[in-house]
Amino acid sequence: MDQIQTLRRRLHIIRIVDRPFLYPSLKKLVAQLSEDFDAVSERTVERDIRAIGAVYQIYIRNNRRKGGYYLDLPTDEDVADFEQFVQLLERRERLEFLTSSVASIRGIGRHLQLEHNTQFTGNGHLPLLWQALQTGRCVEFVYRKFEKEADEGKLRRVEPGLLLEYRNRFYLDCFDLEANQPRTFGLDRLHGLTLTDQPISTARTGQRRTDRRHAIGVTCPPDLEPQRVVLRFQTSEANYVRSLPLHSSQRLIQEVPGFVDLELTVILNHELEREILAFGELVEVLEPAELRVRLAARVRILSEKYF
């Protein structure tokens, strides 16, 4: 059996039955899948639905009253877990396609260019941190800051809460037991990482995951509440932002000649400002006023460097 084709077909089934729910019948599923895959039968689809539940714990139910299938995601946390897991499946799909399609190294450079960070050294910590998260145990490590070259670091004991990726780097979002507050550490600055027997507080980490959903990037102070941010993009750039949203909360407010207004509900942090400034003159912050003031100050400082 072609594993890549099977993975692609199962991902396609998940997308078809995902929100907004259209409740496709078994025949409709077969018809839609047959447009992209060969030899798709009702038996194949039924087998895939059972396998998706058994292998991935993603459950597809048949609503007899609606006359078709839907994705069963009963809670908000399940929805978030599902979305993250599907992203992992999509990455695996792309990786398996590339590795199976490339028979040798000859010609790769002419046809493929991947993001690559030769300086990042923290990926080796991922297995132990994942074990800590799965078993609910604290970890210890020495953390050395970038801005202090001769810094010998400080031993920290933390409750790991979440692994997050931003700009090709991994970070650990956690609760620092000595500082008694949430912290975020870059994996490439961890040294001597060890797993302890001390259990974590699930109440703290659960709340932190909820807060994190409103943040772009790494910075997520626990005392900040998400705010409504309205950005006005020139039409030439708006299509790019709409196809690759800045945040999952992004939605269209209005389109007017030459401009598109988009709304986000996010924490006002450094990474948000950096994302907005990257668009230069093609974007304007309409709301909130405090974000306009902060960006205006940064633009003035920047202009002074050139004029």
# chains A, B, ... in the order shown; residues from 1 in each chain; ligands from 1

call {"tool": "residues_around", "arguments": {"residues": "range 297-304 of chain A", "least_positions_apart": "2", "cutoff": "12 Å", "atoms": "only C-alpha atoms", "output": "PyMOL selection string"}}
result
chain A and resi 270+273-274+276-278+280-281+290-295+306-307

call {"tool": "write_last_selection", "arguments": {"atoms": "N, CA, C and O atoms", "output": "mmCIF file, in the first residue's frame"}}
result
data_model
loop_
_atom_site.group_PDB
_atom_site.id
_atom_site.type_symbol
_atom_site.label_atom_id
_atom_site.label_comp_id
_atom_site.auth_asym_id
_atom_site.auth_seq_id
_atom_site.Cartn_x
_atom_site.Cartn_y
_atom_site.Cartn_z
ATOM 1 N N HIS A 270 5.763 42.506 21.048
ATOM 2 C CA HIS A 270 6.853 42.914 20.153
ATOM 3 C C HIS A 270 6.718 42.253 18.787
ATOM 4 O O HIS A 270 6.943 42.890 17.747
ATOM 5 N N GLU A 273 4.168 43.917 16.497
ATOM 6 C CA GLU A 273 4.713 45.154 15.926
ATOM 7 C C GLU A 273 5.689 44.847 14.791
ATOM 8 O O GLU A 273 5.685 45.517 13.752
ATOM 9 N N ARG A 274 6.523 43.835 14.988
ATOM 10 C CA ARG A 274 7.498 43.481 13.955
ATOM 11 C C ARG A 274 6.806 42.983 12.689
ATOM 12 O O ARG A 274 7.215 43.321 11.570
ATOM 13 N N ILE A 276 3.811 43.839 11.643
ATOM 14 C CA ILE A 276 3.177 44.981 10.984
ATOM 15 C C ILE A 276 4.219 45.842 10.284
ATOM 16 O O ILE A 276 4.048 46.239 9.117
ATOM 17 N N LEU A 277 5.328 46.125 10.970
ATOM 18 C CA LEU A 277 6.373 46.967 10.372
ATOM 19 C C LEU A 277 6.982 46.334 9.130
ATOM 20 O O LEU A 277 7.465 47.050 8.243
ATOM 21 N N ALA A 278 6.945 45.012 9.047
ATOM 22 C CA ALA A 278 7.513 44.333 7.875
ATOM 23 C C ALA A 278 6.774 44.687 6.588
ATOM 24 O O ALA A 278 7.346 44.574 5.499
ATOM 25 N N GLY A 280 5.754 47.702 5.916
ATOM 26 C CA GLY A 280 6.121 49.065 5.549
ATOM 27 C C GLY A 280 4.933 49.962 5.288
ATOM 28 O O GLY A 280 3.963 49.984 6.044
ATOM 29 N N GLU A 281 5.009 50.688 4.167
ATOM 30 C CA GLU A 281 3.969 51.665 3.832
ATOM 31 C C GLU A 281 2.689 51.028 3.301
ATOM 32 O O GLU A 281 1.701 51.733 3.042
ATOM 33 N N GLU A 290 -3.248 53.001 21.094
ATOM 34 C CA GLU A 290 -1.940 52.817 21.726
ATOM 35 C C GLU A 290 -0.959 52.105 20.795
ATOM 36 O O GLU A 290 0.246 52.393 20.819
ATOM 37 N N LEU A 291 -1.468 51.222 19.953
ATOM 38 C CA LEU A 291 -0.583 50.543 19.007
ATOM 39 C C LEU A 291 -0.133 51.513 17.921
ATOM 40 O O LEU A 291 1.024 51.484 17.493
ATOM 41 N N ARG A 292 -1.028 52.396 17.471
ATOM 42 C CA ARG A 292 -0.649 53.434 16.500
ATOM 43 C C ARG A 292 0.472 54.305 17.062
ATOM 44 O O ARG A 292 1.448 54.611 16.372
ATOM 45 N N VAL A 293 0.340 54.701 18.335
ATOM 46 C CA VAL A 293 1.338 55.575 18.959
ATOM 47 C C VAL A 293 2.686 54.865 19.050
ATOM 48 O O VAL A 293 3.741 55.456 18.746
ATOM 49 N N ARG A 294 2.670 53.609 19.452
ATOM 50 C CA ARG A 294 3.928 52.867 19.592
ATOM 51 C C ARG A 294 4.619 52.685 18.250
ATOM 52 O O ARG A 294 5.846 52.847 18.142
ATOM 53 N N LEU A 295 3.857 52.367 17.223
ATOM 54 C CA LEU A 295 4.463 52.177 15.904
ATOM 55 C C LEU A 295 4.946 53.506 15.330
ATOM 56 O O LEU A 295 5.991 53.557 14.671
ATOM 57 N N TYR A 306 18.029 57.480 8.800
ATOM 58 C CA TYR A 306 18.265 57.628 7.359
ATOM 59 C C TYR A 306 18.193 59.077 6.889
ATOM 60 O O TYR A 306 18.604 59.384 5.760
ATOM 61 N N PHE A 307 17.631 59.983 7.701
ATOM 62 C CA PHE A 307 17.480 61.354 7.250
ATOM 63 C C PHE A 307 18.144 62.319 8.225
ATOM 64 O O PHE A 307 18.292 62.039 9.386
#

call {"tool": "residues_around", "arguments": {"residues": "range 212-215 of chain A", "least_positions_apart": "4", "cutoff": "12 Å", "atoms": "only C-alpha atoms", "output": "VMD selection string"}}
result
chain A and resid 76 to 77 80 to 81 84 161 to 164 166 172 to 174 182 to 184 205 to 208 219 to 222 224 to 229 246 to 250 264 to 273

call {"tool": "closest_residue", "arguments": {"among": "A:Thr196, A:Ser243, A:Thr235, A:Gln32", "to": "Arg137 in chain A", "atoms": "only C-alpha atoms"}}
result
A:Thr196

call {"tool": "residues_around", "arguments": {"residues": "Ile14 in chain A", "least_positions_apart": "2", "cutoff": "9 Å", "atoms": "only C-alpha atoms", "output": "PDB file with N, CA, C and O atoms, in the first residue's frame"}}
result
ATOM      1  N   ARG A   9      -5.039  10.832   1.216  1.00  0.00           N
ATOM      2  CA  ARG A   9      -6.477  10.554   1.124  1.00  0.00           C
ATOM      3  C   ARG A   9      -7.173  10.787   2.468  1.00  0.00           C
ATOM      4  O   ARG A   9      -8.248  11.382   2.538  1.00  0.00           O
ATOM      5  N   ARG A  10      -6.539  10.353   3.555  1.00  0.00           N
ATOM      6  CA  ARG A  10      -7.132  10.532   4.885  1.00  0.00           C
ATOM      7  C   ARG A  10      -7.182  12.007   5.271  1.00  0.00           C
ATOM      8  O   ARG A  10      -8.164  12.462   5.879  1.00  0.00           O
ATOM      9  N   LEU A  11      -6.139  12.767   4.936  1.00  0.00           N
ATOM     10  CA  LEU A  11      -6.172  14.201   5.186  1.00  0.00           C
ATOM     11  C   LEU A  11      -7.303  14.868   4.407  1.00  0.00           C
ATOM     12  O   LEU A  11      -7.983  15.771   4.909  1.00  0.00           O
ATOM     13  N   HIS A  12      -7.516  14.411   3.180  1.00  0.00           N
ATOM     14  CA  HIS A  12      -8.581  14.964   2.342  1.00  0.00           C
ATOM     15  C   HIS A  12      -9.947  14.665   2.952  1.00  0.00           C
ATOM     16  O   HIS A  12     -10.827  15.536   2.961  1.00  0.00           O
ATOM     17  N   ILE A  16     -12.755  17.446   4.209  1.00  0.00           N
ATOM     18  CA  ILE A  16     -14.118  17.462   3.662  1.00  0.00           C
ATOM     19  C   ILE A  16     -15.166  17.490   4.769  1.00  0.00           C
ATOM     20  O   ILE A  16     -16.186  18.172   4.653  1.00  0.00           O
ATOM     21  N   VAL A  17     -14.916  16.761   5.862  1.00  0.00           N
ATOM     22  CA  VAL A  17     -15.926  16.667   6.929  1.00  0.00           C
ATOM     23  C   VAL A  17     -15.714  17.713   8.024  1.00  0.00           C
ATOM     24  O   VAL A  17     -16.468  17.762   8.990  1.00  0.00           O
ATOM     25  N   ASP A  18     -14.684  18.554   7.879  1.00  0.00           N
ATOM     26  CA  ASP A  18     -14.401  19.593   8.869  1.00  0.00           C
ATOM     27  C   ASP A  18     -15.390  20.754   8.711  1.00  0.00           C
ATOM     28  O   ASP A  18     -16.184  20.795   7.759  1.00  0.00           O
ATOM     29  N   ILE A  49     -12.035   5.939   7.462  1.00  0.00           N
ATOM     30  CA  ILE A  49     -12.698   6.601   8.590  1.00  0.00           C
ATOM     31  C   ILE A  49     -12.416   5.851   9.883  1.00  0.00           C
ATOM     32  O   ILE A  49     -12.127   6.460  10.927  1.00  0.00           O
ATOM     33  N   ILE A  52      -8.712   6.484  10.793  1.00  0.00           N
ATOM     34  CA  ILE A  52      -8.480   7.837  11.299  1.00  0.00           C
ATOM     35  C   ILE A  52      -8.807   7.906  12.781  1.00  0.00           C
ATOM     36  O   ILE A  52      -8.090   8.532  13.568  1.00  0.00           O
ATOM     37  N   ILE A  58      -9.032  10.931  15.839  1.00  0.00           N
ATOM     38  CA  ILE A  58      -9.895  11.923  15.218  1.00  0.00           C
ATOM     39  C   ILE A  58     -11.132  11.178  14.745  1.00  0.00           C
ATOM     40  O   ILE A  58     -11.034  10.305  13.869  1.00  0.00           O
ATOM     41  N   ILE A  60     -14.819  10.615  13.104  1.00  0.00           N
ATOM     42  CA  ILE A  60     -15.767  11.069  12.086  1.00  0.00           C
ATOM     43  C   ILE A  60     -17.053  10.270  12.270  1.00  0.00           C
ATOM     44  O   ILE A  60     -17.046   9.033  12.212  1.00  0.00           O
ATOM     45  N   TYR A  70     -19.596  14.012   9.632  1.00  0.00           N
ATOM     46  CA  TYR A  70     -19.067  15.250  10.201  1.00  0.00           C
ATOM     47  C   TYR A  70     -17.937  14.910  11.162  1.00  0.00           C
ATOM     48  O   TYR A  70     -17.824  13.778  11.644  1.00  0.00           O
ATOM     49  N   LEU A  71     -17.104  15.900  11.446  1.00  0.00           N
ATOM     50  CA  LEU A  71     -15.985  15.745  12.361  1.00  0.00           C
ATOM     51  C   LEU A  71     -16.466  15.992  13.784  1.00  0.00           C
ATOM     52  O   LEU A  71     -17.028  17.048  14.074  1.00  0.00           O
ATOM     53  N   VAL A  86      -3.466  18.258  12.688  1.00  0.00           N
ATOM     54  CA  VAL A  86      -3.608  18.255  11.232  1.00  0.00           C
ATOM     55  C   VAL A  86      -2.427  18.984  10.594  1.00  0.00           C
ATOM     56  O   VAL A  86      -1.932  18.564   9.541  1.00  0.00           O
TER      57      VAL A  86
END

call {"tool": "residues_around", "arguments": {"residues": "Gly186 in chain A", "least_positions_apart": "5", "cutoff": "12 Å", "atoms": "only C-alpha atoms", "output": "MDAnalysis selection string"}}
result
chainID A and resid 120:123 125:126 141:146 163:174 191 218:219

call {"tool": "residues_around", "arguments": {"residues": "Glu140 in chain A", "least_positions_apart": "4", "cutoff": "9 Å", "atoms": "only C-alpha atoms", "output": "VMD selection string"}}
result
chain A and resid 155 to 158 192 to 196

call {"tool": "atom_distance", "arguments": {"atom1": "CA of Gly258 in chain A", "atom2": "CA of Ile216 in chain A"}}
result
26.9 Å

call {"tool": "select_by_dssp", "arguments": {"residues": "range 119-258 of chain A", "states": "strand (DSSP E)", "output": "JSON, numbers by chain"}}
result
{"A": [137, 138, 139, 140, 141, 142, 143, 154, 155, 156, 157, 158, 159, 160, 161, 162, 163, 164, 165, 166, 169, 170, 171, 172, 173, 174, 175, 176, 181, 182, 183, 184, 185, 186, 190, 191, 192, 193, 194, 195, 196, 197, 198, 199, 227, 228, 229, 230, 231, 232, 233, 234, 251, 252, 253, 254, 255, 256]}

call {"tool": "atom_distance", "arguments": {"atom1": "CA of Val256 in chain A", "atom2": "CA of Pro20 in chain A"}}
result
27.1 Å

call {"tool": "atom_distance", "arguments": {"atom1": "CA of Pro288 in chain A", "atom2": "CA of Asn239 in chain A"}}
result
22.9 Å

call {"tool": "decode", "arguments": {"residues": "range 207-300 of chain A", "atoms": "C-alpha atoms", "output": "mmCIF file, in the first residue's frame"}}
result
data_model
loop_
_atom_site.group_PDB
_atom_site.id
_atom_site.type_symbol
_atom_site.label_atom_id
_atom_site.label_comp_id
_atom_site.auth_asym_id
_atom_site.auth_seq_id
_atom_site.Cartn_x
_atom_site.Cartn_y
_atom_site.Cartn_z
ATOM 1 C CA GLN A 207 -4.524 28.425 31.627
ATOM 2 C CA ARG A 208 -1.253 29.237 29.917
ATOM 3 C CA ARG A 209 -2.258 27.291 26.797
ATOM 4 C CA THR A 210 -5.441 29.351 26.634
ATOM 5 C CA ASP A 211 -3.500 32.634 26.935
ATOM 6 C CA ARG A 212 -1.026 31.546 24.260
ATOM 7 C CA ARG A 213 -3.724 31.276 21.609
ATOM 8 C CA HIS A 214 -3.970 35.072 21.536
ATOM 9 C CA ALA A 215 -0.256 35.696 20.973
ATOM 10 C CA ILE A 216 1.713 36.091 17.761
ATOM 11 C CA GLY A 217 5.240 34.837 18.267
ATOM 12 C CA VAL A 218 6.979 34.245 21.588
ATOM 13 C CA THR A 219 6.205 37.181 23.920
ATOM 14 C CA CYS A 220 3.101 36.544 26.031
ATOM 15 C CA PRO A 221 3.028 38.465 29.351
ATOM 16 C CA PRO A 222 0.441 36.896 31.696
ATOM 17 C CA ASP A 223 -1.088 40.269 32.642
ATOM 18 C CA LEU A 224 -1.994 41.346 29.086
ATOM 19 C CA GLU A 225 -5.484 40.868 27.678
ATOM 20 C CA PRO A 226 -6.110 40.346 23.936
ATOM 21 C CA GLN A 227 -7.302 43.442 22.087
ATOM 22 C CA ARG A 228 -9.064 44.206 18.842
ATOM 23 C CA VAL A 229 -6.549 45.262 16.197
ATOM 24 C CA VAL A 230 -7.701 46.693 12.870
ATOM 25 C CA LEU A 231 -5.208 46.845 10.012
ATOM 26 C CA ARG A 232 -5.788 48.566 6.672
ATOM 27 C CA PHE A 233 -3.790 46.988 3.851
ATOM 28 C CA GLN A 234 -3.358 48.224 0.331
ATOM 29 C CA THR A 235 -5.178 45.830 -1.977
ATOM 30 C CA SER A 236 -1.921 44.739 -3.614
ATOM 31 C CA GLU A 237 -0.721 43.300 -0.280
ATOM 32 C CA ALA A 238 -4.081 42.278 1.169
ATOM 33 C CA ASN A 239 -4.422 39.154 -0.951
ATOM 34 C CA TYR A 240 -1.125 37.883 0.431
ATOM 35 C CA VAL A 241 -2.216 38.482 4.035
ATOM 36 C CA ARG A 242 -5.613 36.900 3.429
ATOM 37 C CA SER A 243 -4.024 33.768 1.979
ATOM 38 C CA LEU A 244 -1.504 33.570 4.858
ATOM 39 C CA PRO A 245 -3.226 35.096 7.928
ATOM 40 C CA LEU A 246 -1.183 36.828 10.606
ATOM 41 C CA HIS A 247 -3.235 35.031 13.294
ATOM 42 C CA SER A 248 -6.053 32.489 13.505
ATOM 43 C CA SER A 249 -8.450 35.236 14.684
ATOM 44 C CA GLN A 250 -7.977 37.261 11.498
ATOM 45 C CA ARG A 251 -11.200 38.178 9.692
ATOM 46 C CA LEU A 252 -12.259 40.534 6.925
ATOM 47 C CA ILE A 253 -14.122 43.700 7.981
ATOM 48 C CA GLN A 254 -14.545 45.496 4.690
ATOM 49 C CA GLU A 255 -13.141 46.059 1.224
ATOM 50 C CA VAL A 256 -13.044 49.563 -0.237
ATOM 51 C CA PRO A 257 -11.385 50.775 -3.443
ATOM 52 C CA GLY A 258 -7.655 50.363 -2.970
ATOM 53 C CA PHE A 259 -7.818 49.015 0.605
ATOM 54 C CA VAL A 260 -8.843 45.998 2.683
ATOM 55 C CA ASP A 261 -9.517 46.206 6.433
ATOM 56 C CA LEU A 262 -8.685 43.141 8.539
ATOM 57 C CA GLU A 263 -9.355 42.514 12.227
ATOM 58 C CA LEU A 264 -7.276 40.498 14.716
ATOM 59 C CA THR A 265 -7.896 39.698 18.377
ATOM 60 C CA VAL A 266 -4.396 39.428 19.828
ATOM 61 C CA ILE A 267 -2.041 40.477 22.596
ATOM 62 C CA LEU A 268 -0.071 43.641 21.791
ATOM 63 C CA ASN A 269 3.494 42.355 21.842
ATOM 64 C CA HIS A 270 6.853 42.914 20.153
ATOM 65 C CA GLU A 271 6.272 40.248 17.504
ATOM 66 C CA LEU A 272 2.971 41.815 16.419
ATOM 67 C CA GLU A 273 4.713 45.154 15.926
ATOM 68 C CA ARG A 274 7.498 43.481 13.955
ATOM 69 C CA GLU A 275 4.992 41.704 11.696
ATOM 70 C CA ILE A 276 3.177 44.981 10.984
ATOM 71 C CA LEU A 277 6.373 46.967 10.372
ATOM 72 C CA ALA A 278 7.513 44.333 7.875
ATOM 73 C CA PHE A 279 4.747 45.513 5.516
ATOM 74 C CA GLY A 280 6.121 49.065 5.549
ATOM 75 C CA GLU A 281 3.969 51.665 3.832
ATOM 76 C CA LEU A 282 1.480 49.040 2.609
ATOM 77 C CA VAL A 283 -0.329 48.841 5.951
ATOM 78 C CA GLU A 284 -1.832 51.253 8.486
ATOM 79 C CA VAL A 285 -2.971 50.494 12.033
ATOM 80 C CA LEU A 286 -6.484 51.885 12.535
ATOM 81 C CA GLU A 287 -7.059 50.467 16.037
ATOM 82 C CA PRO A 288 -6.144 50.535 18.884
ATOM 83 C CA ALA A 289 -4.750 54.020 19.455
ATOM 84 C CA GLU A 290 -1.940 52.817 21.726
ATOM 85 C CA LEU A 291 -0.583 50.543 19.007
ATOM 86 C CA ARG A 292 -0.649 53.434 16.500
ATOM 87 C CA VAL A 293 1.338 55.575 18.959
ATOM 88 C CA ARG A 294 3.928 52.867 19.592
ATOM 89 C CA LEU A 295 4.463 52.177 15.904
ATOM 90 C CA ALA A 296 4.624 55.898 15.085
ATOM 91 C CA ALA A 297 7.416 56.269 17.661
ATOM 92 C CA ARG A 298 9.349 53.390 16.147
ATOM 93 C CA VAL A 299 8.923 54.780 12.630
ATOM 94 C CA ARG A 300 10.245 58.177 13.787
#
